[in-house]
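**Q** Please read through the structure below; I'll follow up with questions.
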Amino acid sequence: MLEKIKALREEIASATASSLEEVEQLRIKYLSKKGALTALMNDFRTVAPELKREVGQKINELKNFAGEHINSLKESFATAEDPGLEELDLTRTATPGCVGTRHPLSLVKNEMLNIFASMGFTIAEGPEVEDDWHVFESLNFPPDHPARDMQDTFFISRNPADILLRTHTSSVQTRVMEHAQPPIRIVCPGRVYRNEAISARAHCFFHQVEGLYIDKNVSFADLKQVLLTFARQMFGPQTKIRLRPSYFPFTEPSAEMDISCDICGGKGCAFCKGTGWVEILGCGMVDPNVLKACGIDPEIYSGYAFGMGIERITNLKYKVKDLRMFSENDVRFLREFESAH
Ligand code: DAH
């Protein structure tokens with residue numbers, strides 16, 4: 001029996017094949033139900049009990065060897081004659097890849113920027129880590145303004161308290177005006193930071209789009225028309241706007257703008273707290289002090305500015321109740337915006 005096994009091993013070791021069919025014939029010859037190894041197993045029953053252990057081990061070894069040898073013969077043809085290649089159908093539709101979706105804030109930001117681009121605004125960006133001059137000083141903030149307090153602003157260097165995380169994108173106004181001469185017509189999207197406790201209605205970071213137009217003879221009427229066009233394109237042609245007097249250090253006069261509530265159509269509902277209006281932005285005519293600080297002559301030029309929160313606009317458009325959802329990145333929430341693409 002041991003002789004037989006040895007002979008069979010030598011036979012298999014020297015077996016070669018010149019095609020895949022020949023490999024298959026070798027497999028049938030040695031490893032199939034009617035093959036040489038099955039025959040050996042059958043003979044195994046007749047082996048004397050004291051030899052069974054040794055012979056059994058040898059047969060197993062031979063079986064493994066035969067399997068490996070035939071597989072390696074098969075592999076040597078696989079690249080040359082891969083049956084998979086013959087079956088490859090290049091006209092079949094590919095399995096769709098898994099693609100992500102755009103974040104709702106990016107969707108709304110892009111929509112906002114497109115509307116302003118259609119009115120001739122170009123995009124400007126500035127750093128999130130800023131200095132006091134660009135965020136406050138140049139924008140006419142008095143030295144004791146509460147925004148300059150540690151309570152409201154994240155300072156990066158304490159002494160002097162000069163480097164900080166910008167609290168609004170108005171800082172990009174200064175960044176652009178100090179290097180360019182009018183006409184300037186820009187929108188500045190970006191992330192801003194405020195030292196707020198995180199809740200459904202407030203977050204320590206959020207996003208804004210700032211707008212600035214400086215030229216000769218720019219008036220409040222120009223501002224109003226641009227904002228009306230924006231509101232109607234963003235929220236629909238039925239949208240009404242109203243401007244309420246307000247105060248910002250960098251604009252004079254200043255205003256806040258409301259749009260008619262698109263949930264109740266202005267009749268008053270829980271969303272607009274019964275008023276029929278919802279606030280969306282701050283705006284005004286650029287204060288001459290700001291122009292001067294940036295090297296632009298207020299006797300020749302005038303301009304307007306406005307700033308709004310992207311989260312706020314997104315809430316109005318998609319009724320997201322909790323601000324925290326925007327930064328949790330829960331895919332169930334993000335997938336809801338798939339169809340908005
Ligand atoms: N920077 C203001 C804020 O963060 C928003 C703002 C108000 C920007 C009036 C402006 C403006 O340009 O004119 O609340």
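For the structure tokens, the naming scheme is as follows: chains receive sequential letters (A, B, ...) according to their order of presentation, residues are indexed from 1 within each chain, and ligands are indexed from 1 in presentation order.
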Select the residues contacting ligand 1 at a distance of at most 9 Å, based on only C-alpha atoms and all ligand atoms, then format the selection as a compact mmCIF listing (two decimals) with N, CA and C atoms, in the first residue's frame.
**A**
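The resulting selection_16.txt:
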# COMPACT_ATOMS: atom_id res chain seq x y z
N THR A 167 -15.88 86.38 14.86
CA THR A 167 -17.25 86.22 15.35
C THR A 167 -18.26 86.52 14.25
N HIS A 168 -17.76 87.07 13.14
CA HIS A 168 -18.62 87.32 11.98
C HIS A 168 -17.75 87.41 10.72
N THR A 169 -18.38 87.24 9.56
CA THR A 169 -17.61 87.31 8.31
C THR A 169 -17.44 88.76 7.85
N SER A 170 -17.92 89.72 8.64
CA SER A 170 -17.71 91.13 8.29
C SER A 170 -16.22 91.44 8.21
N SER A 171 -15.39 90.64 8.89
CA SER A 171 -13.94 90.86 8.85
C SER A 171 -13.39 90.77 7.43
N GLN A 173 -14.76 91.97 4.83
CA GLN A 173 -14.92 93.32 4.23
C GLN A 173 -13.60 94.07 4.31
N VAL A 192 -18.05 81.05 11.42
CA VAL A 192 -17.75 82.01 12.48
C VAL A 192 -17.94 81.35 13.84
N GLN A 208 -21.92 82.11 7.97
CA GLN A 208 -22.54 83.35 7.49
C GLN A 208 -22.17 83.62 6.04
N VAL A 209 -22.98 84.44 5.40
CA VAL A 209 -22.59 85.03 4.12
C VAL A 209 -22.68 86.54 4.31
N GLU A 210 -21.56 87.19 4.03
CA GLU A 210 -21.48 88.64 4.16
C GLU A 210 -21.54 89.24 2.75
N GLY A 211 -22.14 90.39 2.60
CA GLY A 211 -22.15 91.03 1.29
C GLY A 211 -21.64 92.45 1.40
N LEU A 212 -20.97 92.94 0.36
CA LEU A 212 -20.44 94.30 0.39
C LEU A 212 -20.43 94.86 -1.02
N SER A 246 -32.11 99.41 12.99
CA SER A 246 -31.35 98.63 13.96
C SER A 246 -30.02 99.34 14.20
N TYR A 247 -29.12 98.67 14.89
CA TYR A 247 -27.80 99.27 15.11
C TYR A 247 -26.69 98.25 14.91
N PHE A 248 -25.71 98.60 14.09
CA PHE A 248 -24.44 97.86 14.00
C PHE A 248 -23.35 98.91 13.97
N PRO A 249 -22.22 98.67 14.60
CA PRO A 249 -21.18 99.71 14.64
C PRO A 249 -20.67 100.08 13.25
N PHE A 250 -20.72 99.10 12.32
CA PHE A 250 -20.06 99.32 11.02
C PHE A 250 -20.99 99.84 9.92
N THR A 251 -22.26 100.05 10.25
CA THR A 251 -23.18 100.60 9.25
C THR A 251 -23.96 101.76 9.84
N GLU A 252 -24.29 102.73 9.00
CA GLU A 252 -25.10 103.88 9.43
C GLU A 252 -25.81 104.46 8.21
N SER A 254 -28.45 101.54 9.96
CA SER A 254 -28.46 100.08 9.99
C SER A 254 -29.90 99.58 10.01
N ALA A 255 -30.08 98.37 9.53
CA ALA A 255 -31.43 97.80 9.55
C ALA A 255 -31.36 96.29 9.71
N GLU A 256 -32.48 95.71 10.12
CA GLU A 256 -32.62 94.25 10.08
C GLU A 256 -33.74 93.97 9.11
N LEU A 281 -31.69 88.84 8.25
CA LEU A 281 -30.34 89.42 8.12
C LEU A 281 -30.22 90.82 8.71
N GLY A 282 -28.95 91.24 8.84
CA GLY A 282 -28.64 92.61 9.24
C GLY A 282 -27.99 93.31 8.06
N CYS A 283 -28.18 94.63 7.96
CA CYS A 283 -27.61 95.34 6.80
C CYS A 283 -27.53 96.83 7.09
N GLY A 284 -26.99 97.56 6.14
CA GLY A 284 -26.94 99.01 6.29
C GLY A 284 -25.95 99.63 5.31
N MET A 285 -25.82 100.96 5.42
CA MET A 285 -24.85 101.68 4.59
C MET A 285 -23.53 101.69 5.36
N VAL A 286 -22.45 101.35 4.66
CA VAL A 286 -21.14 101.22 5.34
C VAL A 286 -20.77 102.56 6.01
N TYR A 304 -22.99 99.66 0.63
CA TYR A 304 -23.82 98.96 1.61
C TYR A 304 -23.20 97.62 1.95
N ALA A 305 -23.67 97.08 3.08
CA ALA A 305 -23.20 95.76 3.52
C ALA A 305 -24.38 95.01 4.10
N PHE A 306 -24.29 93.71 4.07
CA PHE A 306 -25.32 92.90 4.74
C PHE A 306 -24.67 91.59 5.19
N GLY A 307 -25.29 90.97 6.18
CA GLY A 307 -24.75 89.71 6.67
C GLY A 307 -25.88 88.82 7.16
N MET A 308 -25.78 87.54 6.80
CA MET A 308 -26.84 86.63 7.26
C MET A 308 -26.29 85.25 7.59
N GLY A 309 -27.03 84.53 8.44
CA GLY A 309 -26.61 83.20 8.87
C GLY A 309 -27.12 82.14 7.89
**Q** List as a count of residues only the protein and nucleic acid residues near range 268-277 of chain A, meaning an atom at most 7 Å away when only C-alpha atoms are counted, but skip any in the same chain fewer than 6 places from it.
**A** 4
**Q** Quick one: of A:Ala180, A:Ile198, A:Val290, A:Ala7, who's nearest to Phe136 in chain A, counting only C-alpha atoms?
**A**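 Of all the options, A:Val290 lies closest to Phe136 in chain A.
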**Q** Counting only C-alpha atoms, which residue out of A:Met119, A:Val108, A:Cys204, A:Val176 sits closest to Phe154 in chain A?
**A**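 Counting only C-alpha atoms, the residue closest to Phe154 in chain A is A:Cys204.
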